[in-house]
file final_10.pdb (PDB, C-alpha atoms and all ligand atoms)
ATOM      1  CA  LEU Y   1     -21.404 -57.503   4.689
ATOM      2  CA  LYS Y   2     -21.848 -55.774   1.353
ATOM      3  CA  ILE Y   3     -18.776 -55.189  -0.786
ATOM      4  CA  LEU Y   4     -18.111 -52.192  -2.983
ATOM      5  CA  ALA Y   5     -15.216 -52.461  -5.440
ATOM      6  CA  ASP Y   6     -13.882 -49.450  -7.360
ATOM      7  CA  ARG Y   7     -12.230 -50.734 -10.514
ATOM      8  CA  HIS Y   8     -10.811 -47.256 -11.199
ATOM      9  CA  VAL Y   9      -8.780 -47.511  -7.993
ATOM     10  CA  CYS Y  10      -7.821 -51.202  -8.234
ATOM     11  CA  ILE Y  11      -4.225 -51.769  -9.356
ATOM     12  CA  GLY Y  12      -4.664 -55.466 -10.099
ATOM     13  CA  ALA Y  13      -2.450 -56.652  -7.278
ATOM     14  CA  GLY Y  14      -4.587 -59.749  -6.844
ATOM     15  CA  MET Y  15      -4.457 -59.973  -3.067
ATOM     16  CA  CYS Y  16      -8.216 -60.175  -2.909
ATOM     17  CA  ALA Y  17      -8.541 -63.133  -5.287
ATOM     18  CA  LEU Y  18      -5.735 -64.984  -3.486
ATOM     19  CA  THR Y  19      -7.214 -64.363  -0.049
ATOM     20  CA  ALA Y  20     -10.906 -64.882  -0.814
ATOM     21  CA  PRO Y  21     -11.189 -66.793  -4.098
ATOM     22  CA  ALA Y  22     -14.896 -67.494  -3.561
ATOM     23  CA  VAL Y  23     -15.590 -63.765  -3.436
ATOM     24  CA  PHE Y  24     -13.070 -62.080  -5.745
ATOM     25  CA  ASP Y  25     -11.598 -62.763  -9.167
ATOM     26  CA  GLN Y  26      -9.606 -60.677 -11.612
ATOM     27  CA  ASP Y  27     -10.502 -59.971 -15.218
ATOM     28  CA  SER Y  28      -8.311 -61.629 -17.802
ATOM     29  CA  ASP Y  29      -6.868 -58.543 -19.496
ATOM     30  CA  ALA Y  30      -6.084 -55.817 -16.958
ATOM     31  CA  GLY Y  31      -6.312 -58.053 -13.903
ATOM     32  CA  LEU Y  32      -8.769 -55.706 -12.225
ATOM     33  CA  VAL Y  33     -11.010 -56.974  -9.493
ATOM     34  CA  LEU Y  34     -14.268 -58.753 -10.214
ATOM     35  CA  VAL Y  35     -16.635 -59.336  -7.326
ATOM     36  CA  LEU Y  36     -18.167 -62.808  -7.573
ATOM     37  CA  ASP Y  37     -20.274 -62.473  -4.426
ATOM     38  CA  GLU Y  38     -21.177 -58.981  -3.198
ATOM     39  CA  THR Y  39     -22.837 -60.258  -0.015
ATOM     40  CA  PRO Y  40     -20.781 -63.216   1.272
ATOM     41  CA  ASN Y  41     -21.705 -65.108   4.416
ATOM     42  CA  GLY Y  42     -19.909 -67.418   6.814
ATOM     43  CA  ALA Y  43     -16.345 -68.383   5.950
ATOM     44  CA  ALA Y  44     -16.506 -66.419   2.700
ATOM     45  CA  GLU Y  45     -17.404 -63.279   4.651
ATOM     46  CA  VAL Y  46     -14.465 -63.762   7.023
ATOM     47  CA  ALA Y  47     -12.105 -64.232   4.070
ATOM     48  CA  ALA Y  48     -13.611 -61.239   2.283
ATOM     49  CA  ARG Y  49     -13.049 -58.980   5.292
ATOM     50  CA  GLU Y  50      -9.422 -60.066   5.446
ATOM     51  CA  ALA Y  51      -9.019 -59.457   1.714
ATOM     52  CA  ILE Y  52     -10.500 -55.973   2.046
ATOM     53  CA  SER Y  53      -8.027 -55.150   4.817
ATOM     54  CA  LEU Y  54      -5.110 -56.441   2.709
ATOM     55  CA  CYS Y  55      -5.956 -54.644  -0.529
ATOM     56  CA  PRO Y  56      -3.019 -52.296  -1.184
ATOM     57  CA  SER Y  57      -4.967 -49.761  -3.238
ATOM     58  CA  GLY Y  58      -8.015 -49.163  -1.069
ATOM     59  CA  ALA Y  59     -10.294 -50.207  -3.917
ATOM     60  CA  LEU Y  60     -12.468 -52.390  -1.684
ATOM     61  CA  THR Y  61     -14.974 -51.106   0.842
ATOM     62  CA  ALA Y  62     -17.032 -53.126   3.315
ATOM     63  CA  LEU Y  63     -20.499 -51.811   4.073
ATOM     64  CA  ASP Y  64     -22.089 -53.312   7.130
ATOM     65  CA  ASN Y  65     -25.815 -53.379   7.547
TER      66      ASN Y  65
HETATM   67  S1  LIG M 101      -6.386 -56.549  -3.811
HETATM   68 FE1  LIG M 101      -7.208 -54.498  -4.288
HETATM   69  S2  LIG M 101      -5.816 -53.717  -5.866
HETATM   70 FE2  LIG M 101      -5.517 -55.941  -5.757
HETATM   71  S3  LIG M 101      -6.889 -56.805  -7.322
HETATM   72 FE3  LIG M 101      -7.975 -56.802  -5.364
HETATM   73  S4  LIG M 101      -9.124 -54.857  -5.370
HETATM   74 FE4  LIG M 101      -7.522 -54.687  -6.914
END
call {"tool": "encode", "arguments": {"input": "final_10.pdb", "output": "structure tokens"}}
result
Amino acid sequence: LKILADRHVCIGAGMCALTAPAVFDQDSDAGLVLVLDETPNGAAEVAAREAISLCPSGALTALDN
């Protein structure tokens, strides 16, 4: 899994950071997504895939190798 995050599309809803806190965070001013781990493995990858599916804005994309 490789994660692409578009901070111009992100609305700061925070679902990603709640669902996969090892992979996503939000910046402290606008609350926009920060990717902590662009290539998660194991449990973090599973959580990241769920977070990507839950993102309400479509800001997150999963690229599979
Ligand atoms: S869930 Fe989507 S819209 Fe919400 S902070 Fe994460 S990337 Fe942004």
call {"tool": "closest_residue", "arguments": {"input": "final_10.pdb", "among": "Y:Leu1, Y:Ala48, Y:Val9, Y:Leu63", "to": "Ala22 (chain Y)", "atoms": "all atoms listed in the file"}}
result
Y:Ala48
call {"tool": "resolve_selection", "arguments": {"input": "final_10.pdb", "expression": "the PyMOL selection byres (((chain Y and resi 2) around 7) and not hetatm)", "output": "PyMOL selection string"}}
result
chain Y and resi 1+3-4+38-39+62-64
call {"tool": "closest_residue", "arguments": {"input": "final_10.pdb", "among": "Y:Cys16, Y:Val23, Y:Ile11, Y:Asp29", "to": "Asn41 (chain Y)", "atoms": "all atoms listed in the file"}}
result
Y:Val23
call {"tool": "residues_around", "arguments": {"input": "final_10.pdb", "residues": "Pro21 (chain Y)", "least_positions_apart": "5", "cutoff": "10 Å", "atoms": "all atoms listed in the file", "output": "list in words"}}
result
Met15, Cys16, Gln26, Val35, Leu36, Ala44, Ala47, Ala48 and Ala51 of chain Y
call {"tool": "closest_atom_pairs", "arguments": {"input": "final_10.pdb", "of": "chain Y", "to": "ligand LIG 101 (chain M)", "cutoff": "9 Å", "atoms": "only C-alpha atoms and all ligand atoms", "output": "Markdown table"}}
result
| residue | atom | partner | partner_atom | distance |
| --- | --- | --- | --- | --- |
| Y:Ala5 | CA | M:LIG101 | S4 | 6.5 |
| Y:Asp6 | CA | M:LIG101 | S4 | 7.5 |
| Y:Arg7 | CA | M:LIG101 | FE4 | 7.1 |
| Y:Val9 | CA | M:LIG101 | S2 | 7.2 |
| Y:Cys10 | CA | M:LIG101 | FE4 | 3.7 |
| Y:Ile11 | CA | M:LIG101 | S2 | 4.3 |
| Y:Gly12 | CA | M:LIG101 | S3 | 3.8 |
| Y:Ala13 | CA | M:LIG101 | FE2 | 3.5 |
| Y:Gly14 | CA | M:LIG101 | S3 | 3.8 |
| Y:Met15 | CA | M:LIG101 | S1 | 4.0 |
| Y:Cys16 | CA | M:LIG101 | S1 | 4.2 |
| Y:Ala17 | CA | M:LIG101 | FE3 | 6.4 |
| Y:Leu18 | CA | M:LIG101 | S1 | 8.5 |
| Y:Thr19 | CA | M:LIG101 | S1 | 8.7 |
| Y:Phe24 | CA | M:LIG101 | FE3 | 7.3 |
| Y:Asp25 | CA | M:LIG101 | S3 | 7.8 |
| Y:Gln26 | CA | M:LIG101 | S3 | 6.4 |
| Y:Gly31 | CA | M:LIG101 | S3 | 6.7 |
| Y:Leu32 | CA | M:LIG101 | S3 | 5.4 |
| Y:Val33 | CA | M:LIG101 | S3 | 4.7 |
| Y:Leu34 | CA | M:LIG101 | S4 | 8.1 |
| Y:Val35 | CA | M:LIG101 | S4 | 9.0 |
| Y:Ala51 | CA | M:LIG101 | S1 | 6.8 |
| Y:Ile52 | CA | M:LIG101 | S1 | 7.2 |
| Y:Ser53 | CA | M:LIG101 | S1 | 8.9 |
| Y:Leu54 | CA | M:LIG101 | S1 | 6.6 |
| Y:Cys55 | CA | M:LIG101 | S1 | 3.8 |
| Y:Pro56 | CA | M:LIG101 | S2 | 5.6 |
| Y:Ser57 | CA | M:LIG101 | S2 | 4.8 |
| Y:Gly58 | CA | M:LIG101 | FE1 | 6.3 |
| Y:Ala59 | CA | M:LIG101 | S4 | 5.0 |
| Y:Leu60 | CA | M:LIG101 | S4 | 5.6 |
call {"tool": "axis_aligned_box", "arguments": {"input": "final_10.pdb", "around": "region 35-48 of chain Y", "padding_each_side": "3 Å", "output": "AutoDock Vina command-line options"}}
result
--center_x -17.5 --center_y -63.7 --center_z -0.3 --size_x 16.7 --size_y 15.4 --size_z 20.6
